[in-house]
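One structure is given below, encoded as structure tokens.
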Amino acid sequence: MIKLIQTSEELLKHRKNQDKVGFVATMGNLHEGHVSLLEAGFKDFDHMYFSIFVNPTQFGPTEDFDKYPRTIEKDLALIEACLKKYPHKSVTVFNPKDVYEIYPKDFKLQISIQEMNKILEGEHRPTHFDGVTTVVYRLFALINPTKSYFGLKDFQQYIVIKKMVADMLLPVEIVGMPIIRETTGLALSSRNQYLNPVQKETALILSKTLNHLKELINGKKENLALAQDYIRTMIKDPNWDYLTIRETNTLTEKIENQSSLVILAVYRQEKTRLLDNMQLEVK
Ligand code: AMP
């Protein structure tokens with residue numbers, strides 16, 4: 001069963017009738033990556049909440065807020081199709097009718113995870129993470145989920161949300177879910193539809209480079225220098241916003257004594273920034 005709710009007031013009323021629920025936050029234009037988060041939730045809960053809200057505060061002034069695809073009918077159909085596989089489960093879709101349902105007129109809160117909101121994605125999108133943490137906090141406050149599922153595709157977002165939950169002592173468990181890819185290796189993203197066929201082909205450089213780096217490193221600390229050399233050659237191509245190896249939880253560049261690493265990458269095709277990453281362990 002699927003229930004669509006468009007106001008915060010109705011959401012709060014509806015939520016009172018349920019015990020523990022899981023939650024997935026999205027901006028809509030759903031694909032299999034988003035559906036995988038819902039399905040992960042169904043393993044833990046009979047009832048899932050699923051928000052579809054293109055959050056203006058996480059877009060910069062020159063970004064694609066107006067152009068971002070809004071496809072609510074198709075999105076609901078995809079959730080319905082998924083529910084057919086889980087006849088005993090139900091989903092409440094929260095699709096606020098306007099921004100005031102999330103940010104009332106006198107709204108003043110802003111949550112910032114210091115430092116982490118300035119590096120990597122934060123360097124290229126200075127207001128982005130403050131927008132993300134604030135909207136996710138607001139959605140958590142409305143829904144009060146026991147667990148919330150985030151894609152590791154947006155790795156830094158996952159880390160920033162986990163840090164917010166830890167620092168604010170929020171009673172929700174953040175679950176990171178694997179990246180869903182096309183068979184070509186390209187990570188699914190709503191922004192892939194901005195690409196023409198040639199750009200889509202070119203974008204495969206992301207997954208290919210990450211795989212190559214993982215092979216080069218081959219689980220051994222001593223190969224990291226080799227990988228850094230390779231990165232230095234690759235980033236001569238100005239389309240890389242970044243290609244960098246970081247420690248998994250802090251995202252620090254100081255990785256000499258670390259064993260859990262993540263390679264984070266953004267490759268640009270004109271105005272479209274494509275994100276990808278790969279986690280690895282080294283000894
Ligand atoms: P979005 O609406 O695209 O901003 O993303 C909503 C959620 O879906 C976030 O937790 C994303 O990390 C996740 N997500 C987006 N694309 C993928 C993907 N290809 N695989 C797994 N999760 C994804």
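Residues are named by chain letter and number: chains run A, B, ... in the order of the structure tokens, numbers start at 1 in each chain, and ligands are numbered from 1 in the order shown.
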
Please report as a Markdown table every residue of chain A lying within 10 Å of ligand 1, along with the nearest atom pair and their distance in Å (one decimal), using only C-alpha atoms and all ligand atoms.
```
| residue | atom | partner | partner_atom_place_in_ligand_line | distance |
| --- | --- | --- | --- | --- |
| A:Val24 | CA | ligand 1 | 7 (C) | 7.0 |
| A:Ala25 | CA | ligand 1 | 6 (C) | 5.7 |
| A:Thr26 | CA | ligand 1 | 2 (O) | 3.6 |
| A:Met27 | CA | ligand 1 | 2 (O) | 3.7 |
| A:Gly28 | CA | ligand 1 | 2 (O) | 5.3 |
| A:Asn29 | CA | ligand 1 | 2 (O) | 7.2 |
| A:Leu30 | CA | ligand 1 | 2 (O) | 7.2 |
| A:His31 | CA | ligand 1 | 16 (N) | 7.6 |
| A:Glu32 | CA | ligand 1 | 19 (N) | 7.2 |
| A:Gly33 | CA | ligand 1 | 20 (N) | 3.8 |
| A:His34 | CA | ligand 1 | 8 (O) | 4.6 |
| A:Val35 | CA | ligand 1 | 8 (O) | 8.3 |
| A:Ser36 | CA | ligand 1 | 21 (C) | 6.8 |
| A:Leu37 | CA | ligand 1 | 22 (N) | 6.7 |
| A:Leu38 | CA | ligand 1 | 8 (O) | 9.5 |
| A:Phe50 | CA | ligand 1 | 6 (C) | 9.9 |
| A:Ser51 | CA | ligand 1 | 2 (O) | 9.1 |
| A:Ile52 | CA | ligand 1 | 2 (O) | 7.6 |
| A:Phe53 | CA | ligand 1 | 2 (O) | 8.2 |
| A:Val54 | CA | ligand 1 | 2 (O) | 7.9 |
| A:Asn55 | CA | ligand 1 | 4 (O) | 9.4 |
| A:Val132 | CA | ligand 1 | 4 (O) | 9.5 |
| A:Ser148 | CA | ligand 1 | 10 (O) | 9.1 |
| A:Tyr149 | CA | ligand 1 | 10 (O) | 6.6 |
| A:Phe150 | CA | ligand 1 | 10 (O) | 3.4 |
| A:Gly151 | CA | ligand 1 | 12 (O) | 3.2 |
| A:Leu152 | CA | ligand 1 | 12 (O) | 5.5 |
| A:Lys153 | CA | ligand 1 | 12 (O) | 4.9 |
| A:Asp154 | CA | ligand 1 | 12 (O) | 4.5 |
| A:Phe155 | CA | ligand 1 | 12 (O) | 7.2 |
| A:Gln156 | CA | ligand 1 | 12 (O) | 9.4 |
| A:Gln157 | CA | ligand 1 | 12 (O) | 7.5 |
| A:Tyr158 | CA | ligand 1 | 10 (O) | 7.3 |
| A:Val175 | CA | ligand 1 | 10 (O) | 9.6 |
| A:Gly176 | CA | ligand 1 | 10 (O) | 8.0 |
| A:Met177 | CA | ligand 1 | 21 (C) | 6.3 |
| A:Pro178 | CA | ligand 1 | 21 (C) | 5.6 |
| A:Ile179 | CA | ligand 1 | 20 (N) | 3.6 |
| A:Ile180 | CA | ligand 1 | 20 (N) | 3.8 |
| A:Arg181 | CA | ligand 1 | 19 (N) | 5.7 |
| A:Glu182 | CA | ligand 1 | 19 (N) | 8.5 |
| A:Leu186 | CA | ligand 1 | 19 (N) | 8.4 |
| A:Ala187 | CA | ligand 1 | 19 (N) | 4.8 |
| A:Leu188 | CA | ligand 1 | 19 (N) | 3.8 |
| A:Ser189 | CA | ligand 1 | 16 (N) | 4.9 |
| A:Ser190 | CA | ligand 1 | 3 (O) | 5.9 |
| A:Arg191 | CA | ligand 1 | 3 (O) | 8.1 |
| A:Leu275 | CA | ligand 1 | 16 (N) | 9.5 |
| A:Asp276 | CA | ligand 1 | 19 (N) | 9.0 |
```

Out of region 7-233 of chain A, which residues get strand (DSSP E or B) from DSSP, as a list in words? Gly22, Phe23, Val24, Ala25, Thr26, His47, Met48, Tyr49, Phe50, Ser51, Ile52, Ser90, Val91, Thr92, Val93, Phe94, Lys147, Ser148, Tyr149, Phe150, Gly151, Glu173, Ile174, Val175, Gly176, Met177, Arg181 and Ala187 of chain A

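Take CA of Gln58 (chain A) and CA of Thr134 (chain A): the distance between them is 9.2 Å.
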
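Using only C-alpha atoms, the nearest neighbour of Asp19 (chain A) within the list A:Gln193, A:Tyr86, A:Asn277, A:Thr146 is A:Thr146.
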
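Of note, CA of Lys214 (chain A) and CA of Glu256 (chain A) are spaced 16.4 Å apart.
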
Nearest candidate to His124 (chain A) (options A:Thr62, A:Thr184, A:Gln18, A:Gln110; using only C-alpha atoms):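 Among the listed residues, A:Thr62 lies closest to His124 (chain A).
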
So that I can see what lies close to region 238-254 of chain A, please list as an NGL selection string the residues with an atom at most 10 Å from it, counting only C-alpha atoms and leaving out residues fewer than 5 positions away in the same chain. :A and (116 or 119-121 or 123-124 or 155-156 or 158-160 or 162-163 or 206 or 209-210 or 213 or 224 or 227-228 or 231-232 or 259-270 or 273-281)

Using Å and a single decimal, report how far CA of Thr272 (chain A) sits from CA of Leu195 (chain A).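 Straight-line distance from CA of Leu195 (chain A) to CA of Thr272 (chain A) works out to 7.7 Å.
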